[in-house]
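What's in my_file_21.cif: mmCIF, C-alpha atoms
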```cif
data_start
#
loop_
_atom_site.label_atom_id
_atom_site.label_comp_id
_atom_site.auth_asym_id
_atom_site.auth_seq_id
_atom_site.Cartn_x
_atom_site.Cartn_y
_atom_site.Cartn_z
CA MET A 172 -62.26 4.01 20.35
CA LEU A 173 -62.64 4.10 16.60
CA SER A 174 -60.90 7.43 16.33
CA ARG A 175 -58.00 6.22 18.47
CA ALA A 176 -57.67 3.11 16.34
CA LEU A 177 -57.67 5.19 13.16
CA ALA A 178 -55.02 7.48 14.66
CA HIS A 179 -52.85 4.45 15.49
CA VAL A 180 -53.23 3.13 11.94
CA CYS A 181 -52.27 6.52 10.55
CA ARG A 182 -49.14 6.59 12.69
CA LEU A 183 -48.18 3.11 11.50
CA MET A 184 -48.72 4.12 7.90
CA GLY A 185 -46.55 7.19 8.48
CA VAL A 186 -43.74 5.09 9.92
CA MET A 187 -44.01 2.64 7.03
CA SER A 188 -43.94 5.48 4.52
CA PHE A 189 -40.82 6.88 6.20
CA VAL A 190 -39.11 3.49 6.11
CA VAL A 191 -40.03 2.97 2.45
CA ALA A 192 -38.71 6.44 1.62
CA GLN A 193 -35.42 5.67 3.41
CA ILE A 194 -35.03 2.36 1.57
CA THR A 195 -35.82 4.04 -1.74
CA ALA A 196 -33.23 6.75 -1.06
CA GLN A 197 -30.59 4.15 -0.20
CA ASP A 198 -31.41 2.24 -3.37
CA GLN A 199 -31.01 5.46 -5.34
CA TYR A 200 -27.60 6.13 -3.78
CA MET A 201 -26.47 2.58 -4.52
CA THR A 202 -27.69 2.85 -8.12
CA ARG A 203 -25.78 6.11 -8.49
CA ALA A 204 -22.69 4.55 -6.90
CA LEU A 205 -22.71 1.61 -9.29
CA ASN A 206 -23.19 3.91 -12.27
CA LEU A 207 -20.23 6.07 -11.23
CA MET A 208 -18.09 2.97 -10.69
CA SER A 209 -18.92 1.82 -14.20
CA GLU A 210 -17.64 5.14 -15.57
CA THR A 211 -14.50 5.60 -13.45
CA PRO A 212 -12.19 2.82 -12.25
CA LEU A 213 -12.07 2.25 -8.51
CA ILE A 214 -8.32 2.07 -7.86
CA ASP A 215 -7.41 0.56 -4.50
CA GLY A 216 -3.95 1.37 -3.17
CA HIS A 217 -3.15 -1.70 -1.12
CA ASN A 218 -4.23 -5.35 -0.96
CA ASP A 219 -2.28 -8.16 0.70
CA LEU A 220 -3.81 -11.15 -1.09
CA PRO A 221 -0.33 -12.11 -2.42
CA TRP A 222 0.89 -12.56 1.16
CA GLN A 223 -2.11 -14.76 1.88
CA LEU A 224 -1.09 -16.87 -1.10
CA ARG A 225 2.39 -17.16 0.42
CA GLU A 226 1.20 -18.07 3.92
CA ARG A 227 -1.59 -20.46 2.93
CA PHE A 228 -0.24 -22.08 -0.23
CA ASN A 229 3.49 -21.17 -0.36
CA ASN A 230 2.68 -19.39 -3.65
CA GLN A 231 1.57 -22.66 -5.32
CA LEU A 232 -1.24 -21.29 -7.46
CA ASN A 233 -2.13 -24.77 -8.71
CA LYS A 234 -3.45 -25.43 -5.19
CA VAL A 235 -5.91 -22.54 -5.13
CA ASP A 236 -8.75 -21.25 -7.29
CA LEU A 237 -9.51 -17.56 -6.83
CA ASN A 238 -13.01 -18.19 -8.14
CA THR A 239 -13.85 -20.36 -5.13
CA LEU A 240 -11.41 -19.27 -2.39
CA ASN A 241 -13.64 -18.10 0.45
CA THR A 242 -11.31 -17.63 3.42
CA THR A 243 -9.89 -14.27 2.35
CA HIS A 244 -11.24 -10.75 1.95
CA THR A 245 -10.47 -10.99 -1.76
CA ASN A 246 -11.44 -13.41 -4.51
CA ILE A 247 -12.68 -13.02 -8.07
CA PRO A 248 -16.44 -12.96 -7.32
CA LYS A 249 -15.82 -10.36 -4.59
CA ILE A 250 -13.67 -8.29 -6.94
CA LYS A 251 -16.44 -8.27 -9.54
CA ALA A 252 -19.17 -7.49 -7.01
CA GLY A 253 -17.03 -4.69 -5.61
CA LYS A 254 -16.45 -3.28 -9.11
CA LEU A 255 -12.72 -3.08 -8.48
CA GLY A 256 -11.22 -1.30 -11.48
CA ALA A 257 -7.54 -1.51 -10.53
CA GLN A 258 -5.57 -2.94 -7.63
CA PHE A 259 -2.08 -2.29 -6.33
CA TRP A 260 -1.14 -5.76 -5.06
CA SER A 261 1.36 -5.64 -2.24
CA ALA A 262 4.67 -7.46 -2.72
CA PHE A 263 5.27 -7.63 1.03
CA VAL A 264 7.75 -9.63 3.07
CA PRO A 265 8.18 -9.19 6.84
CA CYS A 266 10.89 -7.14 8.49
CA ASP A 267 12.62 -10.23 9.85
CA THR A 268 13.83 -10.94 6.30
CA GLN A 269 15.98 -7.79 6.42
CA TYR A 270 19.71 -8.56 6.10
CA LYS A 271 18.79 -12.14 5.13
CA ASP A 272 16.64 -13.13 2.13
CA ALA A 273 14.36 -10.11 1.70
CA VAL A 274 15.25 -9.58 -1.96
CA ARG A 275 14.61 -13.21 -2.90
CA GLN A 276 11.33 -13.35 -1.04
CA THR A 277 10.19 -10.05 -2.57
CA LEU A 278 11.02 -11.30 -6.05
CA GLU A 279 8.90 -14.37 -5.33
CA GLN A 280 5.99 -12.11 -4.32
CA ILE A 281 6.40 -10.10 -7.51
CA ASP A 282 6.42 -13.39 -9.41
CA VAL A 283 3.22 -14.68 -7.78
CA ILE A 284 1.41 -11.43 -8.64
CA HIS A 285 2.42 -11.80 -12.28
CA ARG A 286 1.37 -15.46 -12.32
CA MET A 287 -1.94 -14.69 -10.61
CA CYS A 288 -2.82 -12.10 -13.22
CA GLN A 289 -1.77 -14.43 -16.05
CA LYS A 290 -3.81 -17.34 -14.64
CA TYR A 291 -7.09 -15.38 -14.81
CA PRO A 292 -6.87 -13.30 -18.01
CA GLU A 293 -10.64 -12.98 -18.21
CA THR A 294 -10.51 -11.00 -14.94
CA PHE A 295 -7.07 -9.39 -14.69
CA ARG A 296 -4.65 -7.47 -16.87
CA PHE A 297 -1.17 -6.53 -15.75
CA THR A 298 -0.50 -2.80 -16.14
CA THR A 299 2.31 -0.37 -15.42
CA SER A 300 0.99 3.06 -16.48
CA SER A 301 -1.96 5.39 -16.18
CA GLN A 302 -2.83 4.82 -19.84
CA GLU A 303 -2.78 1.03 -19.43
CA ILE A 304 -5.09 1.25 -16.38
CA ARG A 305 -7.65 3.17 -18.44
CA ALA A 306 -7.34 0.69 -21.31
CA ALA A 307 -7.87 -2.30 -19.00
CA PHE A 308 -10.92 -0.64 -17.49
CA SER A 309 -12.37 -0.01 -20.96
CA ASP A 310 -11.91 -3.72 -21.69
CA LYS A 311 -13.68 -4.65 -18.42
CA ARG A 312 -10.56 -6.07 -16.80
CA THR A 313 -9.24 -5.31 -13.32
CA ALA A 314 -5.84 -3.69 -13.78
CA CYS A 315 -3.07 -5.36 -11.74
CA LEU A 316 -0.25 -3.18 -10.41
CA ILE A 317 2.55 -3.94 -7.96
CA GLY A 318 3.69 -2.01 -4.90
CA VAL A 319 6.62 -3.20 -2.79
CA GLU A 320 5.82 -2.66 0.88
CA GLY A 321 9.05 -1.88 2.68
CA GLY A 322 12.46 -0.54 1.71
CA HIS A 323 14.12 -3.51 3.40
CA SER A 324 13.15 -5.40 0.23
CA LEU A 325 15.86 -3.50 -1.65
CA ASP A 326 18.74 -4.57 0.61
CA SER A 327 19.95 -0.95 0.28
CA SER A 328 20.62 -1.35 -3.44
CA LEU A 329 19.69 1.13 -6.16
CA GLY A 330 20.35 -1.63 -8.68
CA THR A 331 17.68 -3.74 -7.00
CA LEU A 332 15.30 -0.75 -7.11
CA ARG A 333 15.84 -0.41 -10.85
CA ALA A 334 15.43 -4.14 -11.45
CA MET A 335 12.14 -4.15 -9.56
CA TYR A 336 10.90 -1.25 -11.66
CA LEU A 337 11.69 -3.26 -14.79
CA LEU A 338 9.64 -6.11 -13.29
CA GLY A 339 6.63 -3.82 -13.07
CA VAL A 340 6.83 -2.37 -9.56
CA ARG A 341 5.24 1.07 -9.56
CA TYR A 342 5.43 2.11 -5.94
CA LEU A 343 7.76 1.52 -3.02
CA THR A 344 6.70 2.00 0.59
CA LEU A 345 9.97 3.34 1.99
CA THR A 346 9.77 1.30 5.21
CA HIS A 347 7.40 -1.13 6.85
CA SER A 348 7.55 -1.41 10.66
CA CYS A 349 11.34 -1.41 10.92
CA ASN A 350 14.05 1.09 10.12
CA THR A 351 16.18 0.41 7.09
CA PRO A 352 19.85 1.45 6.90
CA TRP A 353 18.62 4.65 5.24
CA ALA A 354 15.13 5.58 6.55
CA ASP A 355 13.16 5.72 9.82
CA ASN A 356 9.80 3.98 10.11
CA TRP A 357 6.59 5.15 11.84
CA LEU A 358 7.42 3.47 15.15
CA VAL A 359 10.09 6.12 15.65
CA ASP A 360 7.20 8.44 16.57
CA THR A 361 6.05 6.07 19.34
CA GLU A 362 7.63 4.97 22.60
CA SER A 363 8.60 1.62 21.06
CA GLY A 364 10.88 2.99 18.34
CA HIS A 365 14.02 5.09 18.01
CA SER A 366 15.40 7.21 15.21
CA GLU A 367 18.56 6.08 13.46
CA HIS A 368 18.71 8.67 10.67
CA ASN A 369 16.66 11.68 11.76
CA GLY A 370 14.41 10.85 8.82
CA LEU A 371 16.33 9.96 5.70
CA SER A 372 20.07 9.28 5.52
CA PRO A 373 22.05 10.70 2.57
CA PHE A 374 21.54 7.37 0.80
CA GLY A 375 17.82 7.59 1.55
CA LYS A 376 17.75 10.87 -0.35
CA GLN A 377 19.47 9.12 -3.25
CA VAL A 378 16.62 6.57 -3.23
CA ILE A 379 14.03 9.36 -3.51
CA LYS A 380 15.82 10.99 -6.45
CA GLU A 381 16.24 7.67 -8.23
CA MET A 382 12.54 6.88 -7.78
CA ASN A 383 11.72 10.24 -9.35
CA ARG A 384 14.03 9.43 -12.25
CA LEU A 385 12.46 6.01 -12.76
CA GLY A 386 8.87 7.18 -12.45
CA MET A 387 8.13 5.06 -9.36
CA LEU A 388 5.56 6.36 -6.89
CA ILE A 389 6.90 7.17 -3.41
CA ASP A 390 4.63 5.69 -0.75
CA LEU A 391 4.79 7.38 2.67
CA SER A 392 2.52 5.01 4.58
CA HIS A 393 4.47 3.48 7.50
CA MET A 394 6.86 6.46 7.60
CA SER A 395 7.93 8.70 10.46
CA VAL A 396 6.64 12.27 10.28
CA GLU A 397 10.20 13.52 9.72
CA VAL A 398 10.54 11.31 6.64
CA MET A 399 7.15 12.52 5.39
CA ASN A 400 8.31 16.12 5.63
CA GLN A 401 11.70 15.49 4.04
CA VAL A 402 10.23 13.60 1.08
CA LEU A 403 7.49 16.17 0.52
CA ASN A 404 10.15 18.89 0.49
CA MET A 405 12.54 17.19 -1.93
CA SER A 406 10.53 14.98 -4.31
CA ALA A 407 10.01 16.32 -7.80
CA ALA A 408 6.89 14.15 -8.16
CA PRO A 409 3.69 13.87 -6.11
CA VAL A 410 3.65 11.27 -3.34
CA ILE A 411 1.08 8.76 -2.18
CA PHE A 412 -0.03 7.25 1.11
CA SER A 413 -1.21 3.88 -0.17
CA HIS A 414 -3.08 2.84 2.99
CA SER A 415 -3.33 5.48 5.74
CA SER A 416 -6.17 7.45 7.33
CA ALA A 417 -6.66 10.83 9.02
CA TYR A 418 -4.84 11.43 12.32
CA GLY A 419 -7.36 14.16 13.12
CA ILE A 420 -10.08 11.49 13.39
CA CYS A 421 -8.00 8.67 14.89
CA PRO A 422 -4.68 9.78 16.46
CA HIS A 423 -2.75 6.65 15.55
CA LYS A 424 0.85 7.17 14.41
CA ARG A 425 0.13 5.22 11.21
CA ASN A 426 -2.28 7.95 10.16
CA VAL A 427 -1.56 11.27 8.46
CA PRO A 428 -1.43 14.50 10.52
CA ASP A 429 -3.27 17.62 9.35
CA ASN A 430 -0.14 19.58 8.41
CA ILE A 431 1.04 16.67 6.24
CA LEU A 432 -2.38 16.44 4.56
CA LEU A 433 -2.03 20.07 3.54
CA LYS A 434 1.49 19.46 2.20
CA VAL A 435 0.20 16.46 0.22
CA ARG A 436 -2.46 18.73 -1.29
CA ASP A 437 0.15 21.33 -2.22
CA LYS A 438 2.34 18.60 -3.73
CA GLY A 439 -0.54 17.22 -5.79
CA GLY A 440 -0.43 13.85 -4.02
CA ILE A 441 -3.01 11.46 -2.60
CA VAL A 442 -3.95 9.77 0.69
CA MET A 443 -5.68 6.42 0.10
CA ILE A 444 -7.80 5.75 3.17
CA ASN A 445 -7.20 2.58 5.17
CA PHE A 446 -10.15 0.51 6.44
CA TYR A 447 -8.37 -1.19 9.36
CA ASN A 448 -10.53 -0.62 12.44
CA ASP A 449 -7.58 0.39 14.59
CA TYR A 450 -6.74 3.22 12.15
CA VAL A 451 -10.39 4.19 11.60
CA THR A 452 -11.66 4.52 15.18
CA CYS A 453 -8.55 3.72 17.24
CA SER A 454 -10.56 0.78 18.61
CA PRO A 455 -11.31 -2.83 17.63
CA THR A 456 -14.68 -1.92 16.08
CA ALA A 457 -15.77 0.37 13.25
CA ASN A 458 -18.48 0.71 10.61
CA VAL A 459 -18.99 2.21 7.15
CA SER A 460 -19.96 5.57 8.59
CA ASN A 461 -16.71 5.74 10.57
CA VAL A 462 -14.68 5.19 7.39
CA ALA A 463 -16.72 7.84 5.56
CA ASP A 464 -15.86 10.25 8.38
CA HIS A 465 -12.21 10.08 7.27
CA PHE A 466 -13.21 10.88 3.68
CA ASP A 467 -15.27 13.84 4.90
CA TYR A 468 -12.54 15.08 7.21
CA ILE A 469 -9.83 15.09 4.55
CA LYS A 470 -12.16 16.63 1.98
CA LYS A 471 -13.05 19.46 4.35
CA LEU A 472 -9.43 20.09 5.34
CA ALA A 473 -7.56 19.62 2.05
CA GLY A 474 -10.17 19.13 -0.66
CA PRO A 475 -11.38 16.13 -2.67
CA SER A 476 -8.31 16.07 -4.93
CA ILE A 477 -6.09 14.17 -2.47
CA ILE A 478 -8.46 11.35 -1.48
CA GLY A 479 -8.42 7.70 -2.54
CA PHE A 480 -9.25 4.18 -1.41
CA GLY A 481 -6.60 2.04 0.35
CA GLY A 482 -8.55 -0.74 2.01
CA ASP A 483 -5.64 -2.91 3.23
CA TYR A 484 -7.81 -5.99 2.70
CA ASP A 485 -6.15 -9.31 3.53
CA GLY A 486 -3.46 -7.46 5.44
CA VAL A 487 -5.50 -6.77 8.58
CA ASN A 488 -7.64 -8.88 10.90
CA ARG A 489 -10.34 -6.33 11.72
CA VAL A 490 -12.41 -4.48 9.12
CA PRO A 491 -15.55 -2.35 9.59
CA THR A 492 -19.05 -3.73 9.76
CA GLY A 493 -20.51 -3.20 6.31
CA LEU A 494 -17.06 -3.37 4.66
CA GLU A 495 -16.33 -7.01 5.44
CA ASP A 496 -14.55 -7.70 2.15
CA VAL A 497 -13.74 -6.25 -1.27
CA SER A 498 -17.29 -6.82 -2.52
CA LYS A 499 -18.60 -4.11 -0.17
CA MET A 500 -16.79 -1.19 -1.82
CA PRO A 501 -19.99 0.17 -3.44
CA VAL A 502 -21.54 0.50 0.02
CA LEU A 503 -18.92 3.08 0.97
CA VAL A 504 -19.39 4.94 -2.31
CA ALA A 505 -23.15 5.06 -1.69
CA GLU A 506 -22.50 6.39 1.83
CA LEU A 507 -20.42 9.26 0.41
CA LEU A 508 -23.22 10.12 -2.01
CA ALA A 509 -25.74 10.04 0.85
CA ARG A 510 -23.54 12.59 2.63
CA GLY A 511 -23.80 15.01 -0.25
CA TRP A 512 -20.66 14.25 -2.23
CA LYS A 513 -20.94 15.41 -5.82
CA ASP A 514 -20.46 12.95 -8.66
CA GLU A 515 -17.18 14.58 -9.72
CA GLU A 516 -15.84 14.41 -6.16
CA VAL A 517 -16.67 10.72 -5.98
CA LYS A 518 -15.03 10.06 -9.34
CA ALA A 519 -11.91 11.85 -8.14
CA ALA A 520 -11.70 9.65 -5.05
CA LEU A 521 -12.51 6.48 -7.00
CA GLY A 522 -9.60 6.73 -9.38
CA GLU A 523 -9.09 10.06 -11.12
CA ASN A 524 -6.85 11.35 -8.31
CA LEU A 525 -4.54 8.35 -8.45
CA LEU A 526 -4.44 8.45 -12.25
CA ARG A 527 -3.45 12.13 -12.09
CA VAL A 528 -0.68 11.40 -9.58
CA LEU A 529 0.66 8.48 -11.64
CA LYS A 530 0.55 10.51 -14.86
CA LYS A 531 2.43 13.40 -13.22
CA THR A 532 5.04 10.95 -11.91
CA GLU A 533 5.44 9.63 -15.46
CA GLU A 534 5.89 13.21 -16.70
CA VAL A 535 8.62 13.80 -14.12
CA ARG A 536 10.30 10.58 -15.31
CA ASP A 537 10.16 11.75 -18.90
CA SER A 538 11.64 15.14 -17.96
CA LEU A 539 14.59 13.30 -16.38
CA ALA A 540 15.13 10.93 -19.31
CA LEU A 541 18.66 12.24 -19.94
CA ALA A 542 19.74 11.93 -16.31
CA PRO A 543 22.02 8.93 -15.74
CA PRO A 544 21.13 6.25 -13.19
CA ASP A 545 22.61 6.82 -9.75
CA ASP A 546 25.24 4.12 -9.24
CA VAL A 547 26.82 5.39 -6.01
CA PRO A 548 26.36 2.57 -3.46
CA ILE A 549 25.46 2.94 0.18
CA PRO A 550 28.57 3.24 2.40
CA LEU A 551 29.74 -0.21 3.40
CA GLU A 552 29.77 0.60 7.12
CA LYS A 553 26.01 1.25 6.97
CA VAL A 554 25.23 -2.31 5.88
CA GLN A 555 28.22 -4.43 6.81
CA ASN A 556 27.56 -7.58 8.77
CA THR A 557 29.02 -11.06 8.98
CA CYS A 558 26.56 -12.44 6.40
CA ARG A 559 27.29 -9.79 3.75
CA THR A 560 30.19 -9.69 1.32
CA SER A 561 31.87 -6.44 0.30
CA TYR A 562 32.90 -7.05 -3.30
CA GLY A 563 33.54 -3.84 -5.19
CA TYR A 564 34.09 -1.57 -2.21
CA PRO A 565 37.56 0.05 -1.97
CA ASP A 566 40.05 -1.71 0.32
CA SER A 567 37.77 -4.72 0.77
CA SER A 568 39.80 -7.91 0.99
CA HIS A 569 38.76 -11.46 0.26
CA PRO A 570 41.75 -13.57 1.31
CA ASP A 571 42.27 -16.93 -0.31
CA SER A 572 42.82 -20.06 1.70
CA SER A 573 46.62 -19.59 1.77
CA SER A 574 46.41 -16.24 3.56
CA TRP A 575 43.66 -17.01 6.07
CA GLY A 576 46.12 -18.19 8.71
CA SER A 577 47.93 -14.85 8.77
CA SER A 578 44.90 -12.56 8.49
CA LEU A 579 42.24 -14.21 10.65
CA SER A 580 42.44 -16.50 13.60
CA TRP A 581 40.30 -19.61 13.58
CA LEU A 582 38.48 -18.18 16.58
CA THR A 583 37.45 -15.13 14.57
CA VAL A 584 36.24 -17.32 11.73
CA LEU A 585 34.15 -19.46 14.06
CA MET A 586 32.69 -16.41 15.77
CA SER A 587 31.69 -14.94 12.40
CA LEU A 588 30.03 -18.18 11.34
CA PHE A 589 28.17 -18.40 14.64
CA ALA A 590 26.91 -14.79 14.27
CA CYS A 591 25.74 -15.54 10.74
CA LEU A 592 23.82 -18.60 11.92
CA GLN A 593 22.23 -16.54 14.67
CA LEU A 594 21.05 -13.95 12.12
CA ARG A 595 19.50 -16.67 9.99
CA GLU A 596 17.65 -18.14 12.96
CA HIS A 597 16.08 -14.78 13.74
#
```
Final structure tokens representation of the file:
Amino acid sequence: MLSRALAHVCRLMGVMSFVVAQITAQDQYMTRALNLMSETPLIDGHNDLPWQLRERFNNQLNKVDLNTLNTTHTNIPKIKAGKLGAQFWSAFVPCDTQYKDAVRQTLEQIDVIHRMCQKYPETFRFTTSSQEIRAAFSDKRTACLIGVEGGHSLDSSLGTLRAMYLLGVRYLTLTHSCNTPWADNWLVDTESGHSEHNGLSPFGKQVIKEMNRLGMLIDLSHMSVEVMNQVLNMSAAPVIFSHSSAYGICPHKRNVPDNILLKVRDKGGIVMINFYNDYVTCSPTANVSNVADHFDYIKKLAGPSIIGFGGDYDGVNRVPTGLEDVSKMPVLVAELLARGWKDEEVKAALGENLLRVLKKTEEVRDSLALAPPDDVPIPLEKVQNTCRTSYGYPDSSHPDSSSWGSSLSWLTVLMSLFACLQLREH
């Protein structure tokens, strides 16, 4: 009896020793993760907190304190706990604003990002370049950057694109979940969408060239595969996927196929991995390990140089267990270390890859400094509707009140007004 009891005690001690060893190892990985994150800025490619500010507070920042806001994935304590070095805040407006007030609403989202960063100077610093990101990180500030999510925000205007760049926008997602008059979105590759341009229209190709000239990152998340291929073939600068995962792990059309991952590698670009459960496991549930699988998969296929973080926090309603909010970022970094990632590989994924891509895009901009802005507008027939004027286009007429009777019947006028009201309602 005594010997059996001693054997049982020995087994218990062995189990306890194993558990203690596991806990110690995890603590070591977390310590390493935090050290690496103190040396290299974690740059996240996509966060929709600005849209939450719109929906919950109508962008009235005096009604919210980001130090105490607890109903979102993102607030200042979570940012600090997550050691977030830089964030691309999404200036997003929904597709139903297209052909209506998309530009105005996007400008208001750009404005609220600026005001948010100004309101909390002890936490944030607005930045527009790779050098400024590094400087903000050295000063222990989270760098704020802006990405516009959806080409519908431009209203098919290169002038609007240039104005947004001057306001600090440093990437444009070419579409969201709707086609624009010049580019096809990702739903084209599903049964619920249809192609209008076979990728990019001629004007869409003008947009790509002008973004290269400006030094604005081209974001291919939300794009059809045909657009991905066309942009990768023609862009002079590397591209990004600001919040997409690996199709080889989860075959969702919002994710990036293997052949595109290899082209991104060859182009010197980056895929910033999305945490949304539906894109991680193609199911409503996921965990930290599932997200790390995407990092491993892309690293094995295309190398560590194209990987980044693109959490999509506050833009999705399901996130993995263990990555419930921005504060949990170090948990994922520790998981990568536990899987054998080298320190330099982790640093690359944290921020060095994105900084390289942004710097190269700036170099392309500088090489095109003598190129004039593209001022050729989109053809009127591609955007004409009853709520849009046509000033400046050849042969466009704007009759005064004395000529209306001869040029338009009252019935036509009433029908046009009715169609315009219908557009505004939808």
Counting all atoms listed in the file, what is within 8 Å of region 328-341 of chain A, bar same-chain residues fewer than 2 positions away, as JSON, numbers by chain?
{"A": [281, 298, 299, 316, 317, 318, 319, 325, 326, 343, 378, 381, 385, 386, 387, 388, 545, 546, 548, 549]}
Quick one: apply the PyMOL selection byres ((chain A and resi 206-209) around 10) to the file and drop the selected residues here as a ChimeraX atom specification.
/A:200-205,210-213,253-256,308-309,311,500-501,504,514-515,517-518,521-522
Mind telling me what the PyMOL selection byres ((chain A and resi 396) around 10) catches here, as an mmCIF file with C-alpha atoms, keeping the file's coordinate frame?
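See part_35.cif below for the written result:
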```
data_model
loop_
_atom_site.group_PDB
_atom_site.id
_atom_site.type_symbol
_atom_site.label_atom_id
_atom_site.label_comp_id
_atom_site.auth_asym_id
_atom_site.auth_seq_id
_atom_site.Cartn_x
_atom_site.Cartn_y
_atom_site.Cartn_z
ATOM 1 C CA ASP A 355 13.160 5.720 9.820
ATOM 2 C CA ASN A 356 9.800 3.980 10.110
ATOM 3 C CA TRP A 357 6.590 5.150 11.840
ATOM 4 C CA VAL A 359 10.090 6.120 15.650
ATOM 5 C CA ASP A 360 7.200 8.440 16.570
ATOM 6 C CA GLY A 370 14.410 10.850 8.820
ATOM 7 C CA LEU A 391 4.790 7.380 2.670
ATOM 8 C CA HIS A 393 4.470 3.480 7.500
ATOM 9 C CA MET A 394 6.860 6.460 7.600
ATOM 10 C CA SER A 395 7.930 8.700 10.460
ATOM 11 C CA GLU A 397 10.200 13.520 9.720
ATOM 12 C CA VAL A 398 10.540 11.310 6.640
ATOM 13 C CA MET A 399 7.150 12.520 5.390
ATOM 14 C CA ASN A 400 8.310 16.120 5.630
ATOM 15 C CA GLN A 401 11.700 15.490 4.040
ATOM 16 C CA VAL A 402 10.230 13.600 1.080
ATOM 17 C CA LYS A 424 0.850 7.170 14.410
ATOM 18 C CA ARG A 425 0.130 5.220 11.210
ATOM 19 C CA ASN A 426 -2.280 7.950 10.160
ATOM 20 C CA VAL A 427 -1.560 11.270 8.460
ATOM 21 C CA PRO A 428 -1.430 14.500 10.520
ATOM 22 C CA ILE A 431 1.040 16.670 6.240
#
```
Quick one: pull the distance between CA of Gln280 (chain A) and CA of Phe263 (chain A), Å, one decimal.
7.0 Å
Calculated over all atoms listed in the file, which of the candidates A:Ala457, A:Leu433, A:Leu503, A:Ile444 has the smallest distance to Leu472 (chain A)?
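Checking each of A:Ala457, A:Leu433, A:Leu503, A:Ile444 against Leu472 (chain A), counting all atoms listed in the file, the winner is A:Leu433.
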Pick from A:Ser460, A:Ser348, A:Thr361, A:Asn229 nearest to Leu494 (chain A), counting all atoms listed in the file:
A:Ser460
Can you sort out region 537-548 of chain A so it carries N, CA, C and O atoms, written as a CSV table (one decimal), keeping the file's coordinate frame?
```
chain,number,residue,atom,x,y,z
A,537,ASP,N,9.8,11.4,-17.5
A,537,ASP,CA,10.2,11.8,-18.9
A,537,ASP,C,11.0,13.0,-18.9
A,537,ASP,O,11.9,13.1,-19.8
A,538,SER,N,10.8,13.9,-18.0
A,538,SER,CA,11.6,15.1,-18.0
A,538,SER,C,13.1,14.8,-17.5
A,538,SER,O,14.0,15.6,-17.8
A,539,LEU,N,13.3,13.7,-16.9
A,539,LEU,CA,14.6,13.3,-16.4
A,539,LEU,C,15.2,12.2,-17.2
A,539,LEU,O,16.2,11.5,-16.8
A,540,ALA,N,14.7,12.0,-18.5
A,540,ALA,CA,15.1,10.9,-19.3
A,540,ALA,C,16.6,11.0,-19.6
A,540,ALA,O,17.2,9.9,-19.8
A,541,LEU,N,17.2,12.1,-19.6
A,541,LEU,CA,18.7,12.2,-19.9
A,541,LEU,C,19.5,12.1,-18.7
A,541,LEU,O,20.8,12.1,-18.8
A,542,ALA,N,19.0,12.1,-17.5
A,542,ALA,CA,19.7,11.9,-16.3
A,542,ALA,C,20.2,10.5,-16.2
A,542,ALA,O,19.5,9.5,-16.3
A,543,PRO,N,21.5,10.3,-15.9
A,543,PRO,CA,22.0,8.9,-15.7
A,543,PRO,C,21.6,8.3,-14.5
A,543,PRO,O,21.3,8.9,-13.5
A,544,PRO,N,21.5,6.9,-14.4
A,544,PRO,CA,21.1,6.2,-13.2
A,544,PRO,C,22.2,6.5,-12.1
A,544,PRO,O,23.4,6.7,-12.4
A,545,ASP,N,21.7,6.6,-10.9
A,545,ASP,CA,22.6,6.8,-9.8
A,545,ASP,C,23.2,5.5,-9.4
A,545,ASP,O,22.6,4.5,-9.0
A,546,ASP,N,24.6,5.4,-9.5
A,546,ASP,CA,25.2,4.1,-9.2
A,546,ASP,C,26.2,4.2,-8.1
A,546,ASP,O,27.1,3.4,-7.9
A,547,VAL,N,26.0,5.2,-7.2
A,547,VAL,CA,26.8,5.4,-6.0
A,547,VAL,C,26.2,4.5,-4.9
A,547,VAL,O,25.1,4.7,-4.5
A,548,PRO,N,26.9,3.5,-4.4
A,548,PRO,CA,26.4,2.6,-3.5
A,548,PRO,C,26.3,3.2,-2.1
A,548,PRO,O,27.0,4.2,-1.8
```
